[in-house]
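Contents: one structure, followed by commentary.
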Amino acid sequence: MKTLPEDDQSQSSPFHQVVEDAFSRRTVLTGTASAALFTMFGCAITNNGLRGATDKDSNGPSELMQFSPVSLQKATTPANQQWPLISDDYQYDLILPWGDPIDPSGPKFSWPPNPEDQAQQIGIGHDGMWFFPDPKRPNTKGALALNHEFGSSTVIFGKLVPQNLDEARVSQHAHGVSILNIERIGGKWKVVGGNNSRRIHVNTPVEFSGPVANHALLQNPANNMPRGTLNNCAMGHTPWNTYLTCEENWPFYFGSTSSEFEPTEEQKRYNLVGRSFYGWHDFDARFDLQDDGFANESNRFGWVVEIDPWNARQRPVKHTALGRFGHEGATVAVGRHRRVVVYMGDDSGGEHIYKFVGNSDYETTLGRGISPLSDGRLYVARFNDDFTGDWLELSTDVSSLAERFADDAEILTFPRIASKVVGATPMDRPEWIAIAPNQDVYCTLTNNAGRTEPNAANPMAPNIHGHIVRWRDSDDHTGTTFTWDVFTLARDTQHTESLFSSPDGLWADPDGRLFVETDGTQTDGESTINNQLLVMDSNSGEIRRLFTGVSGCEITGLAVTPDRRTMFINIQHPGVEARSPTTGHTFPDLGGTNAIPRDCTVAISRKDGGIVGS
Ligand code: FEO
Ligand code: CA
Ligand code: CA
């Protein structure tokens with residue numbers, strides 16, 4: 001975690017008053033606030049009039065959440081023989097493990113995989129996903145678009161880094177996106193065939209759209225065609241039924257073969273410092289930052305990528321109008337005059353929250369043969385101390401940006417730099433964004449141990465466990481102003497029934513429930529506890545735990561059938577020692593002969609057939 005430079009720490013005083021104001025205006029959250037204030041100021045929480053939360057939080061009278069909560073699950077060491085836990089009112093099945101074929105006729109899992117097989121198998125690092133229902137059987141059949149964020153080489157092929165191009169290719173083909181057809185047959189979800197099934201990975205041909213598409217910033221001397229997407233984290237989906245996959249920690253795939261590599265200022269700003277965790281650059285020059293033939297290859301990553309889940313012939317499209325950064329997700333709203341709006345977080349300490357606003361009615365734009373995601377403006381958020389906010393435009397129409405950048409394409413390729421120029425608020429690692437039925441927008445800020453000075457919207461310094469902010473935009477999402485507050489801070493060990501840390505995955509259902517997934521190392525005061533899926537009542541702030549994962553895994557990704565009777569979530573990188581397949585967790589094949597940890601999807605349903613979350 002990097003420490004923020006001093007000039008990133010704006011809006012910090014008078015801070016004590018700001019925080020008290022923030023929480024005293026929200027009585028339902030006083031318990032959370034009190035725990036936070038204790039941490040921040042080291043004083044007795046009752047002295048400032050705020051009441052401490054109790055464990056009754058998880059057993060409150062919420063009509064939205066009737067299920068019995070599941071208790072915390074401690075991680076085990078060694079991390080084996082542990083199974084996920086779910087509320088007694090629910091059941092789950094584990095499906096879609098890494099390495100299973102995307103079509104039943106494809107190659108079966110065999111470890112270590114070869115590159116050709118992996119390109120026809122489900123990838124690793126399950127993350128964001130969305131279910132696109134079959135029109136005839138919308139609740140029992142559909143296409144699932146599933147992101148594969150990352151996987152360690154020791155799990156994928158048993159070595160720290162690849163030793164040859166074949167091993168690099170296996171790793172590359174394990175990344176990207178799977179488009180699968182799934183169907184519930186005899187009460188179980190299974191992969192079925194279909195001509196739309198496909199794998200999109202690091203070597204799949206892609207196209208660019210928007211202001212940077214034909215710019216020199218995306219051209220290489222080697223004149224190689226654009227290929228690939230990687231580190232696909234969270235997602236979005238559009239009103240015209242396509243999937244958006246988001247490239248997050250892509251800089252860590254670019255390496256340098258020389259210790260004399262000196263990154264430019266722009267490269268430093270994007271963490272392109274020549275240290276690759278994956279070692280692809282030793283065998284694939286596209287990922288070598290010092291190969292002159294591929295000088296701009298890294299500019300081809302860091303985008304939001306649109307995929308048609310029903311048409312395997314349609315190339316994925318990278319939308320440059322949405323900006324290039326560490327994209328977590330891309331949450332789409334239809335705003336005033338049916339303009340499309342996309343909310344996006346840049347998940348890095350001290351980075352920002354963005355939104356894209358289309359120029360006109362999205363259906364009219366589509367009718368003109370133009371993507372609504374290519375015709376609009378990009379903004380970045382400033383959270384003011386008085387709970388108002390401003391969306392600051394990022395274009396050469398802004399004089400300070402016209403002085404710094406040659407054209408809009410440069411701004412969109414380096415919006416992290418532009419955001420600092422216009423004075424956006426540095427946030428504590430913005431992760432997922434969700435829109436509630438009342439049009440409030442929520443964003444998880446997972447943590448930021450590097451924060452040394454708080455600001456109003458990021459009130460903890462350091463922020464070890466994270467929080468969730470929410471805002472309401474003017475003009476039905478399309479305006480340039482908003483009001484905001486802190487919805488909740490992560491819970492501490494005084495409140496074990498609602499304890500959580502590092503909120504990450506987030507979805508709001510049409511009834512006002514928030515589903516929050518965690519990705520962090522947290523303890524109950526004694527032991528490390530496993531990551532979890534919680535349900536929160538966005539009206540009352542009540543919290544109830546629905547599911548806990550296994551040692552070392554992250555819970556992430558969330559999709560539902562239209563009737564909300566099935567929810568899909570993911571278990572990513574199971575096992576504390578998942579980097580060592582011989583000693584770590586072998587989930588979901590506990591101790592089996594083919595014992596290698598495998599990411600998988602969890603299909604959750606209520607035993608009584610009710611809505612998931614109720
Ligand atoms: Fe891929 Fe920020 O989580
Ligand atoms: Ca995440
Ligand atoms: Ca995370």
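Ordered as shown in the structure tokens, chains take letters A, B, and onward, while each chain numbers its residues from 1 and ligands are numbered from 1 in the order shown.
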**Request:** Name the residues in contact with segment 81-93 of chain A at a cut-off of 10 Å, using only C-alpha atoms, excluding same-chain residues fewer than 6 positions from it; report them as a ChimeraX atom specification.
**Result:** /A:66-75,187-189,530-533,544-551,566-568,571,575,585-591,601-610,612-614
Report as a compact mmCIF listing (two decimals) with N, CA, C and O atoms, in the first residue's frame which protein, DNA and RNA residues come within 12 Å of ligand 1, using only C-alpha atoms and all ligand atoms.
# COMPACT_ATOMS: atom_id res chain seq x y z
N GLY A 125 -9.26 -17.46 -10.74
CA GLY A 125 -9.45 -16.13 -10.16
C GLY A 125 -10.85 -15.59 -10.40
O GLY A 125 -11.02 -14.43 -10.79
N HIS A 126 -11.87 -16.42 -10.13
CA HIS A 126 -13.26 -16.01 -10.37
C HIS A 126 -13.56 -14.68 -9.67
O HIS A 126 -13.32 -14.53 -8.47
N ASP A 127 -14.15 -13.74 -10.41
CA ASP A 127 -14.46 -12.45 -9.79
C ASP A 127 -15.83 -11.97 -10.28
O ASP A 127 -16.80 -12.74 -10.25
N GLY A 128 -15.93 -10.74 -10.78
CA GLY A 128 -17.23 -10.22 -11.21
C GLY A 128 -17.89 -11.11 -12.24
O GLY A 128 -17.21 -11.82 -13.00
N ASN A 147 -15.67 -13.30 -14.85
CA ASN A 147 -14.31 -12.76 -14.91
C ASN A 147 -13.30 -13.69 -14.24
O ASN A 147 -13.60 -14.32 -13.22
N HIS A 148 -12.09 -13.70 -14.78
CA HIS A 148 -10.98 -14.44 -14.17
C HIS A 148 -9.86 -13.44 -13.90
O HIS A 148 -9.09 -13.09 -14.79
N GLU A 149 -9.79 -12.99 -12.64
CA GLU A 149 -8.94 -11.86 -12.33
C GLU A 149 -7.45 -12.22 -12.36
O GLU A 149 -6.67 -11.59 -13.03
N PHE A 150 -7.07 -13.22 -11.58
CA PHE A 150 -5.66 -13.58 -11.53
C PHE A 150 -5.51 -14.97 -10.91
O PHE A 150 -6.43 -15.49 -10.29
N GLY A 151 -4.33 -15.55 -11.08
CA GLY A 151 -4.03 -16.81 -10.41
C GLY A 151 -2.53 -16.92 -10.25
O GLY A 151 -1.76 -16.48 -11.11
N LEU A 230 -7.02 -8.42 -19.30
CA LEU A 230 -6.44 -9.14 -18.16
C LEU A 230 -6.74 -8.44 -16.85
O LEU A 230 -7.14 -7.28 -16.81
N ASN A 231 -6.58 -9.23 -15.79
CA ASN A 231 -6.92 -8.82 -14.43
C ASN A 231 -8.34 -8.26 -14.38
O ASN A 231 -8.59 -7.17 -13.90
N ASN A 232 -9.25 -9.10 -14.88
CA ASN A 232 -10.65 -8.69 -14.99
C ASN A 232 -11.32 -8.81 -13.63
O ASN A 232 -11.57 -9.89 -13.13
N CYS A 233 -11.58 -7.68 -13.04
CA CYS A 233 -12.02 -7.63 -11.64
C CYS A 233 -13.54 -7.61 -11.57
O CYS A 233 -14.19 -8.60 -11.76
N ALA A 234 -14.11 -6.44 -11.31
CA ALA A 234 -15.57 -6.38 -11.25
C ALA A 234 -16.13 -6.06 -12.63
O ALA A 234 -15.43 -6.17 -13.64
N MET A 235 -17.37 -5.64 -12.69
CA MET A 235 -18.09 -5.68 -13.96
C MET A 235 -19.23 -4.68 -13.99
O MET A 235 -19.46 -3.93 -13.06
N THR A 245 -16.51 -5.86 -18.64
CA THR A 245 -15.48 -6.42 -17.76
C THR A 245 -14.38 -5.38 -17.59
O THR A 245 -14.07 -4.62 -18.50
N CYS A 246 -13.80 -5.32 -16.39
CA CYS A 246 -12.97 -4.17 -16.01
C CYS A 246 -11.55 -4.61 -15.67
O CYS A 246 -11.36 -5.53 -14.88
N GLU A 247 -10.57 -3.93 -16.27
CA GLU A 247 -9.16 -4.29 -16.10
C GLU A 247 -8.57 -3.53 -14.92
O GLU A 247 -8.46 -2.30 -14.96
N GLU A 248 -8.18 -4.25 -13.87
CA GLU A 248 -7.78 -3.58 -12.63
C GLU A 248 -6.26 -3.51 -12.45
O GLU A 248 -5.63 -2.52 -12.79
N ASN A 249 -5.65 -4.58 -11.97
CA ASN A 249 -4.22 -4.52 -11.64
C ASN A 249 -3.35 -4.99 -12.80
O ASN A 249 -2.43 -5.79 -12.62
N TRP A 250 -3.61 -4.47 -13.99
CA TRP A 250 -2.88 -4.84 -15.20
C TRP A 250 -1.41 -4.40 -15.17
O TRP A 250 -0.58 -5.05 -15.83
N PHE A 325 -7.57 3.39 -16.05
CA PHE A 325 -7.03 3.36 -14.69
C PHE A 325 -7.14 1.96 -14.13
O PHE A 325 -7.19 1.00 -14.92
N GLY A 326 -7.11 1.79 -12.81
CA GLY A 326 -7.26 0.47 -12.21
C GLY A 326 -8.73 0.21 -11.99
O GLY A 326 -9.24 0.30 -10.88
N HIS A 327 -9.42 -0.17 -13.09
CA HIS A 327 -10.88 -0.27 -13.05
C HIS A 327 -11.32 -1.41 -12.16
O HIS A 327 -10.99 -2.57 -12.42
N GLU A 328 -12.12 -1.08 -11.16
CA GLU A 328 -12.76 -2.12 -10.37
C GLU A 328 -14.03 -2.60 -11.08
O GLU A 328 -14.09 -3.73 -11.52
N GLY A 329 -15.02 -1.73 -11.19
CA GLY A 329 -16.26 -2.12 -11.85
C GLY A 329 -16.80 -0.98 -12.69
O GLY A 329 -16.19 0.10 -12.78
N MET A 344 -17.63 4.35 -11.77
CA MET A 344 -16.44 3.50 -11.78
C MET A 344 -15.48 3.89 -10.66
O MET A 344 -15.24 5.08 -10.42
N GLY A 345 -14.91 2.89 -9.99
CA GLY A 345 -13.88 3.13 -8.98
C GLY A 345 -12.51 2.76 -9.52
O GLY A 345 -12.38 1.83 -10.33
N ASP A 346 -11.50 3.48 -9.05
CA ASP A 346 -10.10 3.19 -9.38
C ASP A 346 -9.47 2.64 -8.11
O ASP A 346 -9.14 3.40 -7.19
N ASP A 347 -9.31 1.32 -8.03
CA ASP A 347 -8.89 0.69 -6.78
C ASP A 347 -7.38 0.75 -6.59
O ASP A 347 -6.65 -0.17 -6.95
N SER A 348 -6.97 1.87 -6.00
CA SER A 348 -5.60 2.00 -5.54
C SER A 348 -5.65 3.08 -4.46
O SER A 348 -6.52 3.96 -4.50
N GLY A 349 -4.78 2.98 -3.48
CA GLY A 349 -4.81 3.93 -2.37
C GLY A 349 -4.70 5.36 -2.85
O GLY A 349 -3.76 5.71 -3.57
N GLU A 351 -6.67 6.91 -4.95
CA GLU A 351 -7.23 7.16 -6.28
C GLU A 351 -8.70 7.57 -6.15
O GLU A 351 -9.17 7.87 -5.07
N ASP A 428 -10.12 5.89 -0.34
CA ASP A 428 -9.48 4.71 0.25
C ASP A 428 -9.79 3.45 -0.56
O ASP A 428 -10.50 2.55 -0.10
N ARG A 429 -9.25 3.39 -1.76
CA ARG A 429 -9.37 2.24 -2.66
C ARG A 429 -10.83 1.94 -3.03
O ARG A 429 -11.44 1.00 -2.51
N PRO A 430 -11.39 2.72 -3.93
CA PRO A 430 -12.77 2.48 -4.35
C PRO A 430 -12.92 1.13 -5.05
O PRO A 430 -12.23 0.86 -6.03
N GLU A 431 -13.82 0.31 -4.53
CA GLU A 431 -14.06 -1.00 -5.15
C GLU A 431 -15.41 -0.95 -5.86
O GLU A 431 -15.61 -0.13 -6.74
N TRP A 432 -16.37 -1.79 -5.46
CA TRP A 432 -17.62 -1.91 -6.22
C TRP A 432 -18.56 -0.73 -5.93
O TRP A 432 -18.51 -0.13 -4.85
N ILE A 433 -19.44 -0.48 -6.89
CA ILE A 433 -20.46 0.57 -6.77
C ILE A 433 -21.81 -0.06 -7.09
O ILE A 433 -21.93 -0.87 -8.01
N CYS A 443 -20.65 3.00 -2.60
CA CYS A 443 -19.33 2.54 -3.05
C CYS A 443 -18.56 1.98 -1.86
O CYS A 443 -18.45 2.63 -0.82
N THR A 444 -18.03 0.77 -2.03
CA THR A 444 -17.17 0.20 -1.00
C THR A 444 -15.76 0.79 -1.13
O THR A 444 -15.21 0.86 -2.23
N LEU A 445 -15.21 1.21 0.00
CA LEU A 445 -13.82 1.70 0.07
C LEU A 445 -13.10 0.72 0.97
O LEU A 445 -13.28 0.70 2.19
N THR A 446 -12.32 -0.14 0.36
CA THR A 446 -11.98 -1.39 1.04
C THR A 446 -11.04 -1.21 2.22
O THR A 446 -11.20 -1.84 3.25
N ASN A 447 -10.05 -0.35 2.09
CA ASN A 447 -9.12 -0.01 3.18
C ASN A 447 -8.02 0.85 2.57
O ASN A 447 -7.91 0.96 1.34
N ASN A 448 -7.21 1.45 3.42
CA ASN A 448 -6.06 2.22 2.93
C ASN A 448 -5.11 2.43 4.10
O ASN A 448 -5.15 3.45 4.78
N SER A 502 -12.84 -4.79 5.21
CA SER A 502 -12.48 -4.74 3.80
C SER A 502 -13.66 -5.06 2.87
O SER A 502 -13.61 -6.02 2.10
N PRO A 503 -14.73 -4.24 2.94
CA PRO A 503 -15.85 -4.44 2.02
C PRO A 503 -15.39 -4.27 0.58
O PRO A 503 -14.56 -3.41 0.28
N ASP A 504 -15.92 -5.09 -0.30
CA ASP A 504 -15.43 -5.10 -1.69
C ASP A 504 -16.61 -5.31 -2.63
O ASP A 504 -17.25 -4.34 -3.07
N GLY A 505 -17.02 -6.56 -2.91
CA GLY A 505 -18.16 -6.81 -3.78
C GLY A 505 -19.43 -6.20 -3.20
O GLY A 505 -19.64 -6.22 -1.98
N LEU A 506 -20.28 -5.66 -4.09
CA LEU A 506 -21.46 -4.93 -3.62
C LEU A 506 -22.56 -5.01 -4.65
O LEU A 506 -22.31 -4.81 -5.85
N GLU A 517 -19.63 -8.17 0.03
CA GLU A 517 -18.65 -9.26 0.07
C GLU A 517 -17.32 -8.70 0.57
O GLU A 517 -16.98 -7.55 0.25
N THR A 518 -16.58 -9.50 1.31
CA THR A 518 -15.35 -8.97 1.91
C THR A 518 -14.11 -9.62 1.29
O THR A 518 -14.14 -10.75 0.80
N ASP A 519 -13.02 -8.85 1.37
CA ASP A 519 -11.73 -9.29 0.84
C ASP A 519 -10.65 -8.69 1.72
O ASP A 519 -10.08 -7.66 1.41
N GLY A 520 -10.41 -9.33 2.85
CA GLY A 520 -9.38 -8.79 3.72
C GLY A 520 -8.94 -9.82 4.72
O GLY A 520 -9.48 -10.91 4.81
N GLU A 554 -11.16 -15.11 -0.97
CA GLU A 554 -11.94 -13.89 -1.05
C GLU A 554 -13.33 -14.29 -1.53
O GLU A 554 -13.47 -15.18 -2.36
N ILE A 555 -14.36 -13.62 -1.00
CA ILE A 555 -15.71 -13.79 -1.54
C ILE A 555 -15.96 -12.64 -2.49
O ILE A 555 -15.86 -11.47 -2.09
N THR A 556 -16.28 -12.93 -3.72
CA THR A 556 -16.45 -11.85 -4.70
C THR A 556 -17.35 -12.30 -5.83
O THR A 556 -17.64 -13.48 -5.99
N GLY A 557 -17.79 -11.33 -6.62
CA GLY A 557 -18.68 -11.62 -7.74
C GLY A 557 -20.09 -11.88 -7.24
O GLY A 557 -20.28 -12.50 -6.18
N GLN A 572 -12.76 -17.05 -4.47
CA GLN A 572 -11.53 -16.77 -5.23
C GLN A 572 -10.30 -17.11 -4.39
O GLN A 572 -10.29 -16.87 -3.18
N HIS A 573 -9.30 -17.62 -5.02
CA HIS A 573 -8.03 -18.04 -4.42
C HIS A 573 -8.20 -18.72 -3.05
O HIS A 573 -7.71 -18.26 -2.03
**Request:** Could you give me the residues within segment 205-449 of chain A that DSSP places in alpha helix (DSSP H), as a VMD selection string?
**Result:** chain A and resid 265 to 269 362 to 367 399 to 404 408 to 413 415 to 422
**Item:** Within 10 Å of Phe287 of chain A using only C-alpha atoms, minus same-chain residues under 6 positions, as an NGL selection string
**Value:** :A and (251-256 or 274 or 276 or 279-281 or 294-295 or 297-298)
**Prompt:** Which is closer to Leu217 of chain A than all the others in A:Phe301, A:Tyr270, A:Trp111, A:Phe383, using only C-alpha atoms?
**Reply:**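 For Leu217 of chain A, the nearest of the candidates is A:Phe301.
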**Message:** Using DSSP assignments from the backbone, pull out every residue in segment 482-602 of chain A that falls under strand (DSSP E or B) and give it to me as a PyMOL selection string.
**Reply:** chain A and resi 482-489+503-508+513-518+522-523+528-529+532-537+543-548+554-560+567-572+600-602
Could you turn the residues from that selection into a file that holds N, CA and C atoms, as a compact mmCIF listing (two decimals), in the first residue's frame?
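As a result, out28.txt now contains:
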# COMPACT_ATOMS: atom_id res chain seq x y z
N PHE A 482 -23.70 16.54 -6.15
CA PHE A 482 -24.33 15.47 -5.39
C PHE A 482 -24.26 15.78 -3.90
N THR A 483 -25.03 15.05 -3.12
CA THR A 483 -24.90 15.08 -1.67
C THR A 483 -24.48 13.68 -1.23
N TRP A 484 -23.82 13.58 -0.07
CA TRP A 484 -23.25 12.28 0.30
C TRP A 484 -23.22 12.12 1.81
N ASP A 485 -23.04 10.89 2.26
CA ASP A 485 -22.68 10.61 3.65
C ASP A 485 -21.94 9.28 3.72
N VAL A 486 -21.47 8.95 4.91
CA VAL A 486 -20.82 7.64 5.12
C VAL A 486 -21.91 6.68 5.57
N PHE A 487 -22.17 5.64 4.79
CA PHE A 487 -23.21 4.67 5.15
C PHE A 487 -22.79 3.83 6.34
N THR A 488 -21.60 3.30 6.31
CA THR A 488 -21.11 2.54 7.46
C THR A 488 -19.59 2.44 7.41
N LEU A 489 -19.00 2.33 8.58
CA LEU A 489 -17.60 1.92 8.68
C LEU A 489 -17.58 0.43 8.98
N PRO A 503 -14.73 -4.24 2.94
CA PRO A 503 -15.85 -4.44 2.02
C PRO A 503 -15.39 -4.27 0.58
N ASP A 504 -15.92 -5.09 -0.30
CA ASP A 504 -15.43 -5.10 -1.69
C ASP A 504 -16.61 -5.31 -2.63
N GLY A 505 -17.02 -6.56 -2.91
CA GLY A 505 -18.16 -6.81 -3.78
C GLY A 505 -19.43 -6.20 -3.20
N LEU A 506 -20.28 -5.66 -4.09
CA LEU A 506 -21.46 -4.93 -3.62
C LEU A 506 -22.56 -5.01 -4.65
N TRP A 507 -23.78 -5.29 -4.18
CA TRP A 507 -24.95 -5.25 -5.08
C TRP A 507 -26.15 -4.82 -4.27
N ALA A 508 -27.01 -4.01 -4.87
CA ALA A 508 -28.24 -3.57 -4.22
C ALA A 508 -29.40 -4.24 -4.93
N ARG A 513 -32.06 -4.16 -0.08
CA ARG A 513 -30.97 -4.90 0.58
C ARG A 513 -29.66 -4.58 -0.13
N LEU A 514 -28.61 -4.48 0.67
CA LEU A 514 -27.26 -4.41 0.11
C LEU A 514 -26.57 -5.73 0.40
N PHE A 515 -25.93 -6.29 -0.60
CA PHE A 515 -25.12 -7.50 -0.41
C PHE A 515 -23.66 -7.07 -0.46
N VAL A 516 -22.94 -7.36 0.61
CA VAL A 516 -21.56 -6.89 0.75
C VAL A 516 -20.64 -8.10 0.89
N GLU A 517 -19.63 -8.17 0.03
CA GLU A 517 -18.65 -9.26 0.07
C GLU A 517 -17.32 -8.70 0.57
N THR A 518 -16.58 -9.50 1.31
CA THR A 518 -15.35 -8.97 1.91
C THR A 518 -14.11 -9.62 1.29
N GLN A 522 -8.91 -10.23 8.50
CA GLN A 522 -9.46 -9.66 9.70
C GLN A 522 -9.45 -10.71 10.80
N THR A 523 -9.57 -10.25 12.03
CA THR A 523 -9.58 -11.19 13.15
C THR A 523 -10.78 -10.90 14.03
N THR A 528 -7.66 -15.27 12.83
CA THR A 528 -8.09 -14.79 11.52
C THR A 528 -9.43 -15.42 11.20
N ILE A 529 -10.33 -14.61 10.65
CA ILE A 529 -11.63 -15.16 10.26
C ILE A 529 -11.77 -15.13 8.75
N GLN A 532 -16.52 -13.22 3.86
CA GLN A 532 -17.95 -13.49 4.04
C GLN A 532 -18.83 -12.69 3.10
N LEU A 533 -20.08 -13.12 3.03
CA LEU A 533 -21.15 -12.36 2.35
C LEU A 533 -22.14 -11.91 3.42
N LEU A 534 -22.35 -10.59 3.50
CA LEU A 534 -23.29 -10.03 4.46
C LEU A 534 -24.45 -9.39 3.72
N VAL A 535 -25.59 -9.34 4.39
CA VAL A 535 -26.73 -8.61 3.84
C VAL A 535 -26.98 -7.42 4.77
N MET A 536 -27.17 -6.25 4.20
CA MET A 536 -27.43 -5.04 4.99
C MET A 536 -28.74 -4.43 4.53
N ASP A 537 -29.47 -3.89 5.48
CA ASP A 537 -30.70 -3.16 5.18
C ASP A 537 -30.30 -1.71 4.92
N ILE A 543 -27.23 -5.31 9.82
CA ILE A 543 -26.27 -6.17 9.12
C ILE A 543 -26.52 -7.62 9.55
N ARG A 544 -26.53 -8.54 8.60
CA ARG A 544 -26.67 -9.96 8.94
C ARG A 544 -25.77 -10.78 8.02
N ARG A 545 -25.10 -11.76 8.61
CA ARG A 545 -24.13 -12.58 7.86
C ARG A 545 -24.83 -13.77 7.23
N LEU A 546 -24.66 -13.95 5.92
CA LEU A 546 -25.33 -15.03 5.20
C LEU A 546 -24.41 -16.21 4.92
N PHE A 547 -23.11 -15.93 4.68
CA PHE A 547 -22.22 -16.98 4.14
C PHE A 547 -20.80 -16.65 4.53
N THR A 548 -20.03 -17.66 4.83
CA THR A 548 -18.59 -17.45 5.04
C THR A 548 -17.81 -18.44 4.16
N GLU A 554 -11.16 -15.11 -0.97
CA GLU A 554 -11.94 -13.89 -1.05
C GLU A 554 -13.33 -14.29 -1.53
N ILE A 555 -14.36 -13.62 -1.00
CA ILE A 555 -15.71 -13.79 -1.54
C ILE A 555 -15.96 -12.64 -2.49
N THR A 556 -16.28 -12.93 -3.72
CA THR A 556 -16.45 -11.85 -4.70
C THR A 556 -17.35 -12.30 -5.83
N GLY A 557 -17.79 -11.33 -6.62
CA GLY A 557 -18.68 -11.62 -7.74
C GLY A 557 -20.09 -11.88 -7.24
N LEU A 558 -21.06 -11.38 -7.97
CA LEU A 558 -22.44 -11.60 -7.54
C LEU A 558 -23.35 -11.45 -8.75
N ALA A 559 -24.20 -12.46 -8.94
CA ALA A 559 -25.19 -12.41 -10.02
C ALA A 559 -26.44 -13.12 -9.52
N VAL A 560 -27.57 -12.76 -10.07
CA VAL A 560 -28.83 -13.38 -9.66
C VAL A 560 -29.65 -13.73 -10.90
N MET A 567 -28.77 -17.03 -6.32
CA MET A 567 -27.69 -16.04 -6.34
C MET A 567 -26.38 -16.79 -6.55
N PHE A 568 -25.55 -16.26 -7.43
CA PHE A 568 -24.23 -16.83 -7.66
C PHE A 568 -23.19 -15.91 -7.04
N ILE A 569 -22.28 -16.47 -6.27
CA ILE A 569 -21.12 -15.73 -5.78
C ILE A 569 -19.88 -16.58 -6.05
N ASN A 570 -18.72 -16.00 -5.83
CA ASN A 570 -17.48 -16.73 -6.14
C ASN A 570 -16.57 -16.89 -4.93
N ILE A 571 -15.88 -18.01 -4.91
CA ILE A 571 -14.79 -18.26 -3.97
C ILE A 571 -13.50 -18.13 -4.76
N GLN A 572 -12.76 -17.05 -4.47
CA GLN A 572 -11.53 -16.77 -5.23
C GLN A 572 -10.30 -17.11 -4.39
N CYS A 600 -14.03 -21.43 -7.48
CA CYS A 600 -15.30 -21.92 -7.99
C CYS A 600 -16.42 -20.94 -7.67
N THR A 601 -17.57 -21.22 -8.26
CA THR A 601 -18.78 -20.42 -8.06
C THR A 601 -19.69 -21.14 -7.09
N VAL A 602 -20.45 -20.38 -6.32
CA VAL A 602 -21.38 -20.94 -5.35
C VAL A 602 -22.79 -20.52 -5.78
